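Visitor: Here it is: the structure, laid out below.
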Amino acid sequence: MRNASLLLLILLVLAAPVAQGHTAGQPPTPTLDADPSPLDQSMVADVATVAFGFMEPRTLEPIPVPQMAIWGLRCLTTLDPGLNATLQNGGKAPGTLSLTGPGAHVLMSRDAPEAEDIAGWGIAVGQTARAAWDASPAVRRVGTEGMIRAFFDELFNHMDPYSRYAAPREADAERVRRAGAGGVGLTLANVGGGFVVAAVQTGGPAAQGGVRAGEHILAVGGRSTQRDDLAGVTALLEGPEGTMVSITLRGRDGHLRTVDLQRVRIPPETVFAQRDGEMLVLTISGFSRDTGARLAQELIRGLADPRPYHGVVLDLRDNRGGVLQQAVASAAMLQSAGVVAVTAGRDPQAAHVFLADGRDLANALPVVVLVDGDSASAAEILAASLADQRRAVVVGSATLGKGLVQTIAPLPDGGELLVTWSRVLAPLGWPIQGLGVLPQVCTSLGQEVLGRQLTMLVRGVQPMQSILVRHRAARPPLTPAQMLDIRSACPAASGRPADLGAARYLIDTPDAYRAALLKVPPASPAPSVTSQDLTPKAAVSN
């Protein structure tokens, strides 16, 4: 937006001689502070009003609306150091809202709204923005959208690290990512300079049209793919939902054919299954709106294989999270009963005890969960749930430690707010935020240490037992030093081949698997949280 505004500013400067009708032979005076576009004051006010109304009852800690407004208006000083917005009450509320310029010159002063007057504070923010806009070329250069972004950036600087504002274009992209783009359900690979179908999404248009993995794509929509790159061919397959696209394919037998497919809304594929010896390995790359359903499909399909599996591996390495409810649903697929996760916040709708409902689609097979230092958020919730309920052994390193949940609100400018509104507690009551999941089998300390751990497990001894007891007994608030001391027992690290090797050993060695399961006394979830079913009352993202 800033670059676009500067470009428009240059164009205005170049056009100035005509617009001003200057005398021939006299150089025009460039208008370097010309507005790139007029301020949409009502939009600024509306966005602030909606944001304050959404945030006030939901933030983890109560923040008065006047405080939010002043925090956000400090962006004006960031944009122009000569500006300063202040709220002075002279010993009694609501006080006076002022904007001063260089030399403490008063640019605007008005009675502050009452603290509870959310709409009034939105209007006041718009008025302050107008005064700053009229007085400062630096403010005008960022435009309305830039001012709104700067307002929220400054506001969220005073809050947790995960609450944020997404501008309209970013919000559009994120909505598409959450819902899925219009496509036909194909994953492509570049092989020998051509494009091959690497995977066909179950139930998608391509699968229904008989497209098979291994076929070559020669043309899309009648256009040859010969000179395209992988991103270009993928883009040709995508398009508005409901539109048609033709694909020319060459099969493994050399036969050419063309299929006509209708694009549908395709959620991003997040579950990938493969057989590794006698293990069913399910890699979950993230949690989108259908991850739980896809996990169920792959479990049912995999365990229907006439060649029996001895165990299931969930690979959550490098999984940064996603939709909270999908992590809960995924955990419930593998638990016969019990608490999956607990969330707690000021808003009653943020407080849940999520419970499994008796389904174990893995039919009680051993389950190993792989995690690393990049496993975060919803991935940590899934791993913590299965470990605390003694349904799985977690292998890898300490995870990231993101246990805060965000709820999403659309804004009048087309942007979105993602506001942290609840904390996540694992089934045994310990906080995921900052602490992360500590595995029962640690691979980040090197192969020699891992070998000793596995040998001890075969003998029925859990080498991580004492630190796991400390970890599960931890309760908020915890200091950074306390969390670091616990996490240092298995430092966060990137995934490594030893992770899958350890999983294979545990599944092939039942005594070691049983010894690795968590052995800490059970704890009750937070008593102030009421039980809920798995259907949330508000959309949340984690």
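So you can find residues: chains in the structure tokens are A, B, ... in the order shown, residues in each start at 1, and ligands are numbered from 1 in order.
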Select from range 349-419 of chain A every residue with an atom at most 10 Å from any atom of range 476-497 of chain A, then for each give the shortest pair of atoms and their distance in Å to one decimal, using only C-alpha atoms, rows by chain and rising number, as a Markdown table.
Guide:
```
| residue | atom | partner | partner_atom | distance |
| --- | --- | --- | --- | --- |
| A:Leu370 | CA | A:Gly495 | CA | 8.3 |
| A:Val371 | CA | A:Gly495 | CA | 7.2 |
| A:Asp372 | CA | A:Gly495 | CA | 5.3 |
| A:Gly373 | CA | A:Ala492 | CA | 4.4 |
| A:Asp374 | CA | A:Ser494 | CA | 6.9 |
| A:Ser375 | CA | A:Ser494 | CA | 9.3 |
| A:Gly396 | CA | A:Gly495 | CA | 7.0 |
| A:Ser397 | CA | A:Ala492 | CA | 5.0 |
| A:Ala398 | CA | A:Ala492 | CA | 4.6 |
| A:Thr399 | CA | A:Ala492 | CA | 6.0 |
| A:Leu400 | CA | A:Ala492 | CA | 7.4 |
| A:Gly401 | CA | A:Arg487 | CA | 9.9 |
```
Visitor: Once you have the residues from the selection above, write them out as a compact mmCIF listing (two decimals), in the first residue's frame, restricted to N, CA and C atoms.
Guide:
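Result file result28.txt:
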```txt
# COMPACT_ATOMS: atom_id res chain seq x y z
N LEU A 370 4.87 -38.25 16.46
CA LEU A 370 6.16 -37.61 16.24
C LEU A 370 5.99 -36.09 16.29
N VAL A 371 6.82 -35.42 17.09
CA VAL A 371 6.78 -33.96 17.20
C VAL A 371 8.20 -33.41 17.14
N ASP A 372 8.30 -32.11 16.88
CA ASP A 372 9.60 -31.45 16.94
C ASP A 372 9.40 -30.03 17.43
N GLY A 373 10.45 -29.22 17.36
CA GLY A 373 10.37 -27.86 17.86
C GLY A 373 9.47 -26.96 17.07
N ASP A 374 9.06 -27.38 15.87
CA ASP A 374 8.13 -26.61 15.05
C ASP A 374 6.70 -27.11 15.15
N SER A 375 6.45 -28.13 15.94
CA SER A 375 5.07 -28.57 16.17
C SER A 375 4.43 -27.56 17.12
N GLY A 396 10.25 -37.41 20.01
CA GLY A 396 10.84 -36.26 19.34
C GLY A 396 11.50 -35.32 20.31
N SER A 397 11.12 -34.03 20.23
CA SER A 397 11.70 -33.01 21.11
C SER A 397 10.59 -32.17 21.70
N ALA A 398 10.96 -31.27 22.62
CA ALA A 398 9.99 -30.31 23.14
C ALA A 398 9.39 -29.52 21.99
N THR A 399 8.10 -29.26 22.05
CA THR A 399 7.41 -28.54 20.99
C THR A 399 7.47 -27.03 21.24
N LEU A 400 6.85 -26.26 20.34
CA LEU A 400 6.98 -24.81 20.38
C LEU A 400 6.42 -24.19 21.66
N GLY A 401 5.25 -24.64 22.09
CA GLY A 401 4.64 -24.07 23.29
C GLY A 401 3.68 -22.93 23.00
```
Visitor: List as a PyMOL selection string the protein and nucleic acid residues near Ala350 in chain A, meaning an atom at most 7 Å away when only C-alpha atoms are counted, but skip any in the same chain fewer than 3 places from it.
Guide: chain A and resi 343-345+347+421-422
Visitor: From range 365-508 of chain A, collect each residue whose DSSP state is strand (DSSP E or B) and return the set as JSON, numbers by chain.
Guide: {"A": [367, 368, 369, 370, 371, 393, 394, 395, 396, 404, 405, 406, 407, 408, 409, 410, 416, 417, 418, 419, 420, 421, 422, 423, 424, 425, 431, 441, 442]}
Visitor: Apply DSSP to the structure's backbone, then extract all residues of range 304-472 of chain A labelled alpha helix (DSSP H) and return them as a compact mmCIF listing (two decimals) with N, CA, C and O atoms, in the first residue's frame.
Guide:
```
# COMPACT_ATOMS: atom_id res chain seq x y z
N LEU A 324 -8.64 -25.21 15.85
CA LEU A 324 -8.67 -25.93 17.12
C LEU A 324 -9.61 -27.12 17.10
O LEU A 324 -9.25 -28.23 17.52
N GLN A 325 -10.83 -26.92 16.60
CA GLN A 325 -11.82 -28.00 16.64
C GLN A 325 -11.36 -29.22 15.85
O GLN A 325 -11.76 -30.35 16.17
N GLN A 326 -10.54 -29.00 14.82
CA GLN A 326 -10.08 -30.15 14.03
C GLN A 326 -9.03 -30.95 14.79
O GLN A 326 -8.93 -32.17 14.62
N ALA A 327 -8.23 -30.28 15.62
CA ALA A 327 -7.31 -31.01 16.48
C ALA A 327 -8.08 -31.82 17.51
O ALA A 327 -7.75 -32.98 17.80
N VAL A 328 -9.14 -31.23 18.06
CA VAL A 328 -9.97 -31.93 19.02
C VAL A 328 -10.64 -33.14 18.37
O VAL A 328 -10.66 -34.25 18.93
N ALA A 329 -11.19 -32.93 17.17
CA ALA A 329 -11.85 -34.03 16.46
C ALA A 329 -10.85 -35.14 16.15
O ALA A 329 -11.18 -36.33 16.26
N SER A 330 -9.64 -34.77 15.77
CA SER A 330 -8.62 -35.78 15.44
C SER A 330 -8.26 -36.60 16.66
O SER A 330 -8.11 -37.83 16.59
N ALA A 331 -8.11 -35.94 17.80
CA ALA A 331 -7.81 -36.67 19.04
C ALA A 331 -8.94 -37.61 19.40
O ALA A 331 -8.72 -38.75 19.85
N ALA A 332 -10.19 -37.15 19.19
CA ALA A 332 -11.34 -37.99 19.54
C ALA A 332 -11.44 -39.22 18.66
O ALA A 332 -12.07 -40.21 19.04
N ALA A 378 -2.43 -26.31 17.48
CA ALA A 378 -3.35 -27.45 17.39
C ALA A 378 -2.60 -28.78 17.37
O ALA A 378 -3.10 -29.79 17.89
N ALA A 379 -1.40 -28.81 16.79
CA ALA A 379 -0.60 -30.04 16.80
C ALA A 379 -0.21 -30.42 18.22
O ALA A 379 -0.21 -31.60 18.60
N GLU A 380 0.10 -29.42 19.04
CA GLU A 380 0.45 -29.68 20.44
C GLU A 380 -0.77 -30.18 21.22
O GLU A 380 -0.64 -31.04 22.11
N ILE A 381 -1.93 -29.64 20.90
CA ILE A 381 -3.15 -30.08 21.59
C ILE A 381 -3.41 -31.56 21.32
O ILE A 381 -3.73 -32.33 22.23
N LEU A 382 -3.25 -31.97 20.06
CA LEU A 382 -3.45 -33.38 19.71
C LEU A 382 -2.44 -34.27 20.42
O LEU A 382 -2.80 -35.29 21.01
N ALA A 383 -1.17 -33.89 20.38
CA ALA A 383 -0.13 -34.70 21.01
C ALA A 383 -0.32 -34.78 22.52
O ALA A 383 -0.21 -35.86 23.12
N ALA A 384 -0.64 -33.65 23.15
CA ALA A 384 -0.83 -33.62 24.60
C ALA A 384 -2.01 -34.49 25.02
O ALA A 384 -1.95 -35.21 26.02
N SER A 385 -3.09 -34.42 24.25
CA SER A 385 -4.28 -35.20 24.59
C SER A 385 -3.99 -36.70 24.56
O SER A 385 -4.30 -37.42 25.50
N LEU A 386 -3.38 -37.16 23.47
CA LEU A 386 -3.12 -38.60 23.34
C LEU A 386 -2.11 -39.08 24.37
O LEU A 386 -2.20 -40.22 24.87
N ALA A 387 -1.14 -38.24 24.72
CA ALA A 387 -0.15 -38.63 25.73
C ALA A 387 -0.77 -38.68 27.11
O ALA A 387 -0.59 -39.66 27.86
N ASP A 388 -1.51 -37.62 27.49
CA ASP A 388 -2.09 -37.57 28.83
C ASP A 388 -3.10 -38.68 29.06
O ASP A 388 -3.26 -39.16 30.19
N GLN A 447 21.88 -39.79 19.21
CA GLN A 447 21.60 -41.20 19.01
C GLN A 447 22.01 -42.05 20.21
O GLN A 447 21.33 -43.01 20.57
N GLU A 448 23.12 -41.69 20.84
CA GLU A 448 23.59 -42.49 21.98
C GLU A 448 22.60 -42.43 23.14
O GLU A 448 22.26 -43.45 23.74
N VAL A 449 22.12 -41.23 23.44
CA VAL A 449 21.13 -41.08 24.52
C VAL A 449 19.84 -41.79 24.15
O VAL A 449 19.22 -42.45 25.00
N LEU A 450 19.42 -41.67 22.91
CA LEU A 450 18.20 -42.35 22.46
C LEU A 450 18.35 -43.86 22.64
O LEU A 450 17.41 -44.53 23.11
N GLY A 451 19.49 -44.41 22.26
CA GLY A 451 19.70 -45.85 22.43
C GLY A 451 19.59 -46.28 23.88
O GLY A 451 18.99 -47.34 24.18
N ARG A 452 20.14 -45.49 24.79
CA ARG A 452 20.03 -45.83 26.21
C ARG A 452 18.58 -45.78 26.68
O ARG A 452 18.14 -46.63 27.47
N GLN A 453 17.83 -44.78 26.19
CA GLN A 453 16.41 -44.68 26.57
C GLN A 453 15.64 -45.94 26.14
O GLN A 453 14.87 -46.50 26.93
N LEU A 454 15.84 -46.35 24.91
CA LEU A 454 15.10 -47.51 24.39
C LEU A 454 15.49 -48.77 25.15
O LEU A 454 14.63 -49.63 25.45
N THR A 455 16.75 -48.91 25.49
CA THR A 455 17.19 -50.07 26.26
C THR A 455 16.53 -50.09 27.64
O THR A 455 16.08 -51.15 28.11
N MET A 456 16.44 -48.93 28.29
CA MET A 456 15.80 -48.85 29.60
C MET A 456 14.31 -49.16 29.50
O MET A 456 13.74 -49.82 30.38
N LEU A 457 13.69 -48.72 28.41
CA LEU A 457 12.26 -48.99 28.24
C LEU A 457 12.00 -50.48 28.10
O LEU A 457 11.00 -51.01 28.64
N VAL A 458 12.86 -51.19 27.40
CA VAL A 458 12.70 -52.64 27.28
C VAL A 458 12.74 -53.30 28.66
O VAL A 458 12.06 -54.30 28.90
N GLN A 465 10.82 -40.34 33.33
CA GLN A 465 9.73 -40.32 34.29
C GLN A 465 9.75 -39.10 35.22
O GLN A 465 8.74 -38.42 35.39
N SER A 466 10.88 -38.81 35.83
CA SER A 466 10.91 -37.73 36.82
C SER A 466 10.60 -36.38 36.19
O SER A 466 9.84 -35.57 36.75
N ILE A 467 11.15 -36.11 35.01
CA ILE A 467 10.89 -34.83 34.37
C ILE A 467 9.48 -34.77 33.83
O ILE A 467 8.83 -33.71 33.82
N LEU A 468 8.93 -35.90 33.40
CA LEU A 468 7.54 -35.92 32.93
C LEU A 468 6.58 -35.62 34.07
O LEU A 468 5.57 -34.93 33.89
N VAL A 469 6.87 -36.13 35.27
CA VAL A 469 6.03 -35.83 36.43
C VAL A 469 6.07 -34.34 36.73
O VAL A 469 5.04 -33.70 36.99
N ARG A 470 7.27 -33.73 36.69
CA ARG A 470 7.39 -32.29 36.91
C ARG A 470 6.62 -31.52 35.85
O ARG A 470 5.93 -30.54 36.14
N HIS A 471 6.77 -31.95 34.61
CA HIS A 471 6.10 -31.27 33.50
C HIS A 471 4.59 -31.30 33.66
O HIS A 471 3.91 -30.27 33.54
N ARG A 472 4.05 -32.46 33.95
CA ARG A 472 2.58 -32.59 34.07
C ARG A 472 2.04 -31.95 35.33
O ARG A 472 0.86 -31.60 35.38
```
Visitor: Compile the contact shell of Thr144 in chain A as number ranges by chain: residues with an atom at most 9 Å away, counting only C-alpha atoms, same-chain residues fewer than 4 positions apart removed.
Guide: A: 37-41, 43-44, 140, 148-149
Visitor: Atoms to include: N, CA, C and O atoms. Write the selected residues as a short mmCIF file (atom, residue, chain, number, x, y, z; two decimals), in the first residue's frame.
Guide:
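Once written, out.cif looks like this:
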```cif
data_model
loop_
_atom_site.label_atom_id
_atom_site.label_comp_id
_atom_site.auth_asym_id
_atom_site.auth_seq_id
_atom_site.Cartn_x
_atom_site.Cartn_y
_atom_site.Cartn_z
N SER A 37 -4.77 9.80 -1.46
CA SER A 37 -6.20 9.51 -1.55
C SER A 37 -6.84 10.16 -0.34
O SER A 37 -6.18 10.36 0.68
N PRO A 38 -8.10 10.49 -0.41
CA PRO A 38 -8.74 11.13 0.75
C PRO A 38 -8.91 10.14 1.90
O PRO A 38 -9.06 8.94 1.69
N LEU A 39 -8.84 10.67 3.12
CA LEU A 39 -9.06 9.83 4.29
C LEU A 39 -10.52 9.41 4.37
O LEU A 39 -11.43 10.24 4.25
N ASP A 40 -10.75 8.12 4.56
CA ASP A 40 -12.10 7.63 4.80
C ASP A 40 -12.32 7.60 6.32
O ASP A 40 -12.14 6.58 6.98
N GLN A 41 -12.68 8.76 6.85
CA GLN A 41 -12.80 8.90 8.30
C GLN A 41 -13.87 7.98 8.87
O GLN A 41 -13.70 7.39 9.94
N MET A 43 -14.78 5.13 7.73
CA MET A 43 -14.30 3.76 7.76
C MET A 43 -13.38 3.53 8.97
O MET A 43 -13.47 2.51 9.64
N VAL A 44 -12.50 4.48 9.23
CA VAL A 44 -11.63 4.36 10.40
C VAL A 44 -12.48 4.23 11.67
O VAL A 44 -12.22 3.38 12.52
N ARG A 140 -0.53 11.20 5.81
CA ARG A 140 -1.28 11.08 4.56
C ARG A 140 -0.65 10.07 3.61
O ARG A 140 -1.34 9.40 2.85
N ILE A 148 -5.06 2.31 9.33
CA ILE A 148 -5.76 1.27 10.08
C ILE A 148 -4.78 0.18 10.50
O ILE A 148 -4.79 -0.29 11.66
N ARG A 149 -3.91 -0.24 9.59
CA ARG A 149 -2.91 -1.26 9.93
C ARG A 149 -2.00 -0.76 11.05
O ARG A 149 -1.71 -1.49 12.00
#
```
Visitor: With range 295-315 of chain A as the partner and 12 Å as the cut-off, tabulate the residues of range 435-517 of chain A that qualify, each row holding the nearest pair of atoms and their distance in Å to one decimal, using only C-alpha atoms, sorted by chain and rising number, as JSON lines.
Guide:
```
{"residue": "A:Gly495", "atom": "CA", "partner": "A:Asp315", "partner_atom": "CA", "distance": 9.8}
{"residue": "A:Arg496", "atom": "CA", "partner": "A:Asp315", "partner_atom": "CA", "distance": 11.6}
{"residue": "A:Pro497", "atom": "CA", "partner": "A:Asp315", "partner_atom": "CA", "distance": 11.9}
{"residue": "A:Asp499", "atom": "CA", "partner": "A:Asp315", "partner_atom": "CA", "distance": 9.4}
{"residue": "A:Leu500", "atom": "CA", "partner": "A:Val313", "partner_atom": "CA", "distance": 8.4}
{"residue": "A:Gly501", "atom": "CA", "partner": "A:Val313", "partner_atom": "CA", "distance": 11.1}
{"residue": "A:Ala502", "atom": "CA", "partner": "A:Val313", "partner_atom": "CA", "distance": 10.8}
{"residue": "A:Ala503", "atom": "CA", "partner": "A:Val313", "partner_atom": "CA", "distance": 7.2}
{"residue": "A:Arg504", "atom": "CA", "partner": "A:Gly311", "partner_atom": "CA", "distance": 8.7}
{"residue": "A:Tyr505", "atom": "CA", "partner": "A:Gly311", "partner_atom": "CA", "distance": 10.8}
{"residue": "A:Leu506", "atom": "CA", "partner": "A:Gly311", "partner_atom": "CA", "distance": 9.3}
{"residue": "A:Ile507", "atom": "CA", "partner": "A:Gly311", "partner_atom": "CA", "distance": 5.8}
{"residue": "A:Asp508", "atom": "CA", "partner": "A:His310", "partner_atom": "CA", "distance": 7.5}
{"residue": "A:Thr509", "atom": "CA", "partner": "A:His310", "partner_atom": "CA", "distance": 10.3}
{"residue": "A:Pro510", "atom": "CA", "partner": "A:His310", "partner_atom": "CA", "distance": 10.0}
{"residue": "A:Tyr513", "atom": "CA", "partner": "A:Gly311", "partner_atom": "CA", "distance": 10.7}
```
Visitor: Write out as a list in words the residues lying within 6 Å of range 429-434 of chain A, counting only C-alpha atoms and excluding same-chain residues fewer than 2 positions away.
Guide: Gly401, Lys402, Gly403, Leu425, Ala426, Pro427, Gly436, Arg472, Ala474, Arg475 and Pro525 of chain A
Visitor: Excluding range 124-134 of chain A and any residue of its chain fewer than 5 positions from it, enumerate the residues within 10 Å of it, using only C-alpha atoms, and give them as a PyMOL selection string.
Guide: chain A and resi 35+38-49+69-70+72-73+76-77+79-80+83-85+97-101+106-113+118-119+139-144+147-148+151
Visitor: Could you tell me which of A:Asp260, A:Asp160, A:Glu116, A:Asp229 comes closest to Thr243 in chain A if we count only C-alpha atoms?
Guide: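 Smallest separation from Thr243 in chain A among the options: A:Asp260.
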Visitor: Listing only residues of range 259-336 of chain A within 9 Å of range 195-213 of chain A, what is the closest atom pair and its distance in Å (to one decimal) for each, using only C-alpha atoms, sorted by chain and residue number ascending, as JSON lines?
Guide:
```
{"residue": "A:Val259", "atom": "CA", "partner": "A:Gly209", "partner_atom": "CA", "distance": 6.9}
{"residue": "A:Asp260", "atom": "CA", "partner": "A:Gly209", "partner_atom": "CA", "distance": 7.9}
{"residue": "A:Leu261", "atom": "CA", "partner": "A:Pro205", "partner_atom": "CA", "distance": 6.1}
{"residue": "A:Gln262", "atom": "CA", "partner": "A:Pro205", "partner_atom": "CA", "distance": 6.5}
{"residue": "A:Arg263", "atom": "CA", "partner": "A:Pro205", "partner_atom": "CA", "distance": 7.1}
{"residue": "A:Val264", "atom": "CA", "partner": "A:Pro205", "partner_atom": "CA", "distance": 7.4}
{"residue": "A:Ile266", "atom": "CA", "partner": "A:Gly204", "partner_atom": "CA", "distance": 7.6}
{"residue": "A:Glu269", "atom": "CA", "partner": "A:Gln201", "partner_atom": "CA", "distance": 7.4}
{"residue": "A:Arg294", "atom": "CA", "partner": "A:Thr202", "partner_atom": "CA", "distance": 8.8}
```
Visitor: Do you know which residues are at most 8 Å from Val393 in chain A counting only C-alpha atoms, after dropping those on the same chain fewer than 3 positions away, and could you put them as a list in words?
Guide: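 Skipping anything fewer than 3 positions along the chain leaves Val367, Val368, Val369, Leu386, Ala387, Arg390, Pro439, Gln440, Val441, Tyr513, Ala516, Leu517 and Leu518 of chain A.
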Visitor: Generate the output file for the selected residues, N, CA and C atoms, as a PDB file, in the first residue's frame.
Guide:
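For reference, out_39.pdb as written:
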```
ATOM      1  N   VAL A 367      -0.150 -46.372  19.220  1.00  0.00           N
ATOM      2  CA  VAL A 367      -0.042 -45.115  18.482  1.00  0.00           C
ATOM      3  C   VAL A 367       1.209 -44.377  18.958  1.00  0.00           C
ATOM      4  N   VAL A 368       2.016 -43.917  18.012  1.00  0.00           N
ATOM      5  CA  VAL A 368       3.184 -43.092  18.317  1.00  0.00           C
ATOM      6  C   VAL A 368       3.012 -41.761  17.604  1.00  0.00           C
ATOM      7  N   VAL A 369       3.252 -40.674  18.324  1.00  0.00           N
ATOM      8  CA  VAL A 369       3.116 -39.329  17.774  1.00  0.00           C
ATOM      9  C   VAL A 369       4.510 -38.716  17.663  1.00  0.00           C
ATOM     10  N   LEU A 386      -3.376 -37.161  23.470  1.00  0.00           N
ATOM     11  CA  LEU A 386      -3.125 -38.598  23.339  1.00  0.00           C
ATOM     12  C   LEU A 386      -2.108 -39.081  24.367  1.00  0.00           C
ATOM     13  N   ALA A 387      -1.138 -38.236  24.723  1.00  0.00           N
ATOM     14  CA  ALA A 387      -0.151 -38.630  25.727  1.00  0.00           C
ATOM     15  C   ALA A 387      -0.770 -38.682  27.113  1.00  0.00           C
ATOM     16  N   ARG A 390      -2.836 -41.613  27.918  1.00  0.00           N
ATOM     17  CA  ARG A 390      -2.115 -42.864  27.772  1.00  0.00           C
ATOM     18  C   ARG A 390      -2.548 -43.627  26.507  1.00  0.00           C
ATOM     19  N   PRO A 439       8.177 -34.879  25.150  1.00  0.00           N
ATOM     20  CA  PRO A 439       7.953 -36.258  24.692  1.00  0.00           C
ATOM     21  C   PRO A 439       8.366 -37.288  25.739  1.00  0.00           C
ATOM     22  N   GLN A 440       7.801 -38.476  25.611  1.00  0.00           N
ATOM     23  CA  GLN A 440       8.207 -39.589  26.480  1.00  0.00           C
ATOM     24  C   GLN A 440       9.505 -40.230  26.016  1.00  0.00           C
ATOM     25  N   VAL A 441       9.793 -40.098  24.713  1.00  0.00           N
ATOM     26  CA  VAL A 441      11.062 -40.582  24.172  1.00  0.00           C
ATOM     27  C   VAL A 441      11.708 -39.411  23.454  1.00  0.00           C
ATOM     28  N   TYR A 513       6.988 -50.140  24.400  1.00  0.00           N
ATOM     29  CA  TYR A 513       5.859 -49.227  24.193  1.00  0.00           C
ATOM     30  C   TYR A 513       5.069 -49.038  25.489  1.00  0.00           C
ATOM     31  N   ALA A 516       6.834 -46.873  27.938  1.00  0.00           N
ATOM     32  CA  ALA A 516       6.947 -45.472  27.544  1.00  0.00           C
ATOM     33  C   ALA A 516       5.666 -44.679  27.784  1.00  0.00           C
ATOM     34  N   LEU A 517       4.538 -45.351  27.908  1.00  0.00           N
ATOM     35  CA  LEU A 517       3.277 -44.639  28.149  1.00  0.00           C
ATOM     36  C   LEU A 517       3.368 -43.849  29.453  1.00  0.00           C
ATOM     37  N   LEU A 518       2.682 -42.724  29.495  1.00  0.00           N
ATOM     38  CA  LEU A 518       2.770 -41.810  30.630  1.00  0.00           C
ATOM     39  C   LEU A 518       2.327 -42.486  31.916  1.00  0.00           C
TER      40      LEU A 518
END
```
Visitor: For Val50 in chain A, which residue out of A:Pro366, A:Gly446, A:Gly415, A:Pro81 is the nearest one, using only C-alpha atoms?
Guide: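 Looking only at the distances to Val50 in chain A, the closest residue turns out to be A:Gly415.
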Visitor: Can you pull out the residues contacting Asp153 in chain A? Cut-off 8 Å, using only C-alpha atoms, and skip same-chain residues under 5 positions away; I want them as a CSV table (one decimal) with C-alpha atoms, in the first residue's frame.
Guide:
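For reference, part_22.csv as written:
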```csv
chain,number,residue,atom,x,y,z
A,72,GLY,CA,-3.7,2.3,19.0
A,75,CYS,CA,0.7,4.8,15.9
A,164,ARG,CA,-3.1,-9.4,15.2
A,165,TYR,CA,-4.9,-7.6,12.3
```
Visitor: Measure the distance from CA of Gly242 in chain A to CA of Val220 in chain A in Å and round it to one decimal.
Guide: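 Rounded to one decimal, the two atoms are 16.5 Å apart.
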Visitor: Quick one: of A:Glu241, A:Leu417, A:Glu215, A:Arg265, who's nearest to Met55 in chain A, counting only C-alpha atoms?
Guide: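 Of all the options, A:Leu417 lies closest to Met55 in chain A.
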Visitor: Which residue is closest to Asn157 in chain A? Choose from A:Met68, A:Val191, A:Ala293, A:Val323 and count only C-alpha atoms.
Guide: A:Met68
